[in-house]
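Reproduced below: structure_15.cif, with mmCIF, C-alpha atoms.
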data_input
#
loop_
_atom_site.group_PDB
_atom_site.id
_atom_site.type_symbol
_atom_site.label_atom_id
_atom_site.label_comp_id
_atom_site.auth_asym_id
_atom_site.auth_seq_id
_atom_site.Cartn_x
_atom_site.Cartn_y
_atom_site.Cartn_z
ATOM 1 C CA GLY A 1 128.758 171.713 35.673
ATOM 2 C CA GLU A 2 130.811 170.435 32.823
ATOM 3 C CA PHE A 3 128.744 167.241 32.495
ATOM 4 C CA ALA A 4 124.972 166.843 32.399
ATOM 5 C CA ASP A 5 125.398 163.111 33.011
ATOM 6 C CA VAL A 6 128.592 161.353 34.058
ATOM 7 C CA ALA A 7 129.595 158.119 35.758
ATOM 8 C CA VAL A 8 132.992 157.295 37.185
ATOM 9 C CA ILE A 9 133.933 153.617 37.272
ATOM 10 C CA GLY A 10 136.978 151.485 37.980
ATOM 11 C CA VAL A 11 138.205 149.555 34.965
ATOM 12 C CA PRO A 12 140.771 146.729 35.199
ATOM 13 C CA ASP A 13 144.208 148.052 34.250
ATOM 14 C CA SER A 14 147.370 146.028 33.686
ATOM 15 C CA GLU A 15 149.629 148.732 35.129
ATOM 16 C CA TRP A 16 147.582 150.042 38.064
ATOM 17 C CA GLY A 17 145.217 147.156 38.835
ATOM 18 C CA GLN A 18 142.301 149.506 38.331
ATOM 19 C CA ALA A 19 142.038 152.795 36.457
ATOM 20 C CA VAL A 20 139.488 155.536 37.110
ATOM 21 C CA VAL A 21 137.437 156.139 33.970
ATOM 22 C CA ALA A 22 134.804 158.854 33.540
ATOM 23 C CA CYS A 23 132.005 158.033 31.120
ATOM 24 C CA TYR A 24 129.549 160.417 29.538
ATOM 25 C CA PRO A 25 126.765 159.967 26.963
ATOM 26 C CA GLY A 26 128.079 160.054 23.413
ATOM 27 C CA SER A 27 125.232 162.352 22.444
ATOM 28 C CA GLN A 28 126.749 165.154 24.555
ATOM 29 C CA ARG A 29 129.452 167.488 23.304
ATOM 30 C CA ALA A 30 132.961 166.546 24.384
ATOM 31 C CA PRO A 31 133.642 168.088 27.796
ATOM 32 C CA ASP A 32 136.472 170.471 28.630
ATOM 33 C CA LEU A 33 138.538 167.808 30.388
ATOM 34 C CA SER A 34 141.052 170.137 32.032
ATOM 35 C CA ARG A 35 138.271 172.291 33.486
ATOM 36 C CA ALA A 36 136.236 169.267 34.572
ATOM 37 C CA THR A 37 139.133 167.820 36.581
ATOM 38 C CA ALA A 38 140.853 171.016 37.757
ATOM 39 C CA SER A 39 139.648 170.717 41.367
ATOM 40 C CA LEU A 40 140.625 167.050 41.727
ATOM 41 C CA SER A 41 143.849 165.710 43.165
ATOM 42 C CA ASN A 42 146.085 163.857 40.699
ATOM 43 C CA TYR A 43 145.120 160.423 42.018
ATOM 44 C CA GLN A 44 141.406 161.306 41.774
ATOM 45 C CA ARG A 45 141.549 162.391 38.146
ATOM 46 C CA PRO A 46 140.116 159.940 35.638
ATOM 47 C CA LYS A 47 142.806 158.327 33.515
ATOM 48 C CA ARG A 48 140.447 158.244 30.545
ATOM 49 C CA PHE A 49 137.178 159.788 29.410
ATOM 50 C CA VAL A 50 134.894 157.622 27.322
ATOM 51 C CA ALA A 51 131.876 158.696 25.280
ATOM 52 C CA VAL A 52 129.292 155.912 25.516
ATOM 53 C CA ALA A 53 126.907 155.877 22.549
ATOM 54 C CA GLU A 54 124.097 153.996 24.279
ATOM 55 C CA TRP A 55 123.832 155.337 27.856
ATOM 56 C CA PRO A 56 122.659 152.187 29.691
ATOM 57 C CA ARG A 57 119.678 152.812 31.968
ATOM 58 C CA SER A 58 117.221 150.404 33.530
ATOM 59 C CA ASP A 59 113.461 150.767 33.092
ATOM 60 C CA LEU A 60 113.470 152.800 36.315
ATOM 61 C CA GLY A 61 116.080 155.198 34.920
ATOM 62 C CA LYS A 62 118.927 153.908 37.073
ATOM 63 C CA LEU A 63 122.367 153.657 35.473
ATOM 64 C CA ASN A 64 123.373 150.088 34.638
ATOM 65 C CA ARG A 65 127.038 150.120 35.719
ATOM 66 C CA ALA A 66 127.728 146.575 34.481
ATOM 67 C CA ALA A 67 126.561 147.535 30.983
ATOM 68 C CA LEU A 68 128.563 150.755 31.221
ATOM 69 C CA LEU A 69 131.726 148.823 32.124
ATOM 70 C CA ALA A 70 131.132 146.448 29.194
ATOM 71 C CA ALA A 71 130.712 149.442 26.855
ATOM 72 C CA VAL A 72 133.972 150.986 28.108
ATOM 73 C CA LYS A 73 135.871 147.719 27.640
ATOM 74 C CA SER A 74 134.571 147.383 24.079
ATOM 75 C CA ALA A 75 135.267 151.053 23.254
ATOM 76 C CA GLY A 76 139.012 150.418 23.096
ATOM 77 C CA SER A 77 140.473 153.058 20.800
ATOM 78 C CA GLU A 78 137.571 155.484 21.241
ATOM 79 C CA VAL A 79 138.808 156.665 24.633
ATOM 80 C CA THR A 80 140.415 160.044 25.257
ATOM 81 C CA GLY A 81 142.433 161.514 28.074
#
Go through the file and emit its structure as structure tokens.
Amino acid sequence: GEFADVAVIGVPDSEWGQAVVACYPGSQRAPDLSRATASLSNYQRPKRFVAVAEWPRSDLGKLNRAALLAAVKSAGSEVTG
């Protein structure tokens, strides 16, 4: 796969209500975005890809989606796609 670790979340968007955003750990190389989304329909494709420096996991190793959403909102200009 293109990503070793990825999470797709809905982020509030002024134009669409919610935008699909794919997040990946900032320690990974930047993915080939066109290859990663080639098999998806247009509406399924993430609108943005965000490298998250601190991949938020709980003590049990589960992804903390609330912390991930907060990191995406604070990333602002660091998003691509």
The PyMOL selection byres ((chain A and resi 12) around 12) - which residues does that actually catch in the file I just gave you? List them as a ChimeraX atom specification. /A:9-11,13-21,47,69-70,72-73
Next, dump the selected residues to file, keeping only C-alpha atoms, as a PDB file, in the coordinates of the input.
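In the end it all went to again-v1.pdb:
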ATOM      1  CA  ILE A   9     133.933 153.617  37.272  1.00  0.00           C
ATOM      2  CA  GLY A  10     136.978 151.485  37.980  1.00  0.00           C
ATOM      3  CA  VAL A  11     138.205 149.555  34.965  1.00  0.00           C
ATOM      4  CA  ASP A  13     144.208 148.052  34.250  1.00  0.00           C
ATOM      5  CA  SER A  14     147.370 146.028  33.686  1.00  0.00           C
ATOM      6  CA  GLU A  15     149.629 148.732  35.129  1.00  0.00           C
ATOM      7  CA  TRP A  16     147.582 150.042  38.064  1.00  0.00           C
ATOM      8  CA  GLY A  17     145.217 147.156  38.835  1.00  0.00           C
ATOM      9  CA  GLN A  18     142.301 149.506  38.331  1.00  0.00           C
ATOM     10  CA  ALA A  19     142.038 152.795  36.457  1.00  0.00           C
ATOM     11  CA  VAL A  20     139.488 155.536  37.110  1.00  0.00           C
ATOM     12  CA  VAL A  21     137.437 156.139  33.970  1.00  0.00           C
ATOM     13  CA  LYS A  47     142.806 158.327  33.515  1.00  0.00           C
ATOM     14  CA  LEU A  69     131.726 148.823  32.124  1.00  0.00           C
ATOM     15  CA  ALA A  70     131.132 146.448  29.194  1.00  0.00           C
ATOM     16  CA  VAL A  72     133.972 150.986  28.108  1.00  0.00           C
ATOM     17  CA  LYS A  73     135.871 147.719  27.640  1.00  0.00           C
TER      18      LYS A  73
END
Evaluate the PyMOL selection byres ((chain A and resi 50-66) around 9) and record the selected residues as an NGL selection string, following the chain and residue labels used in the document. :A and (7 or 9 or 21-28 or 30 or 48-49 or 67-72 or 75 or 78-81)
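For the atom pair formed by CA of Ser41 in chain A and CA of Ser74 in chain A, the distance is 28.0 Å, given to one decimal.
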Tell me which residues the PyMOL selection byres ((chain A and resi 37) around 12) grabs here, as an MDAnalysis selection string. chainID A and resid 1:3 22 31:36 38:49 81
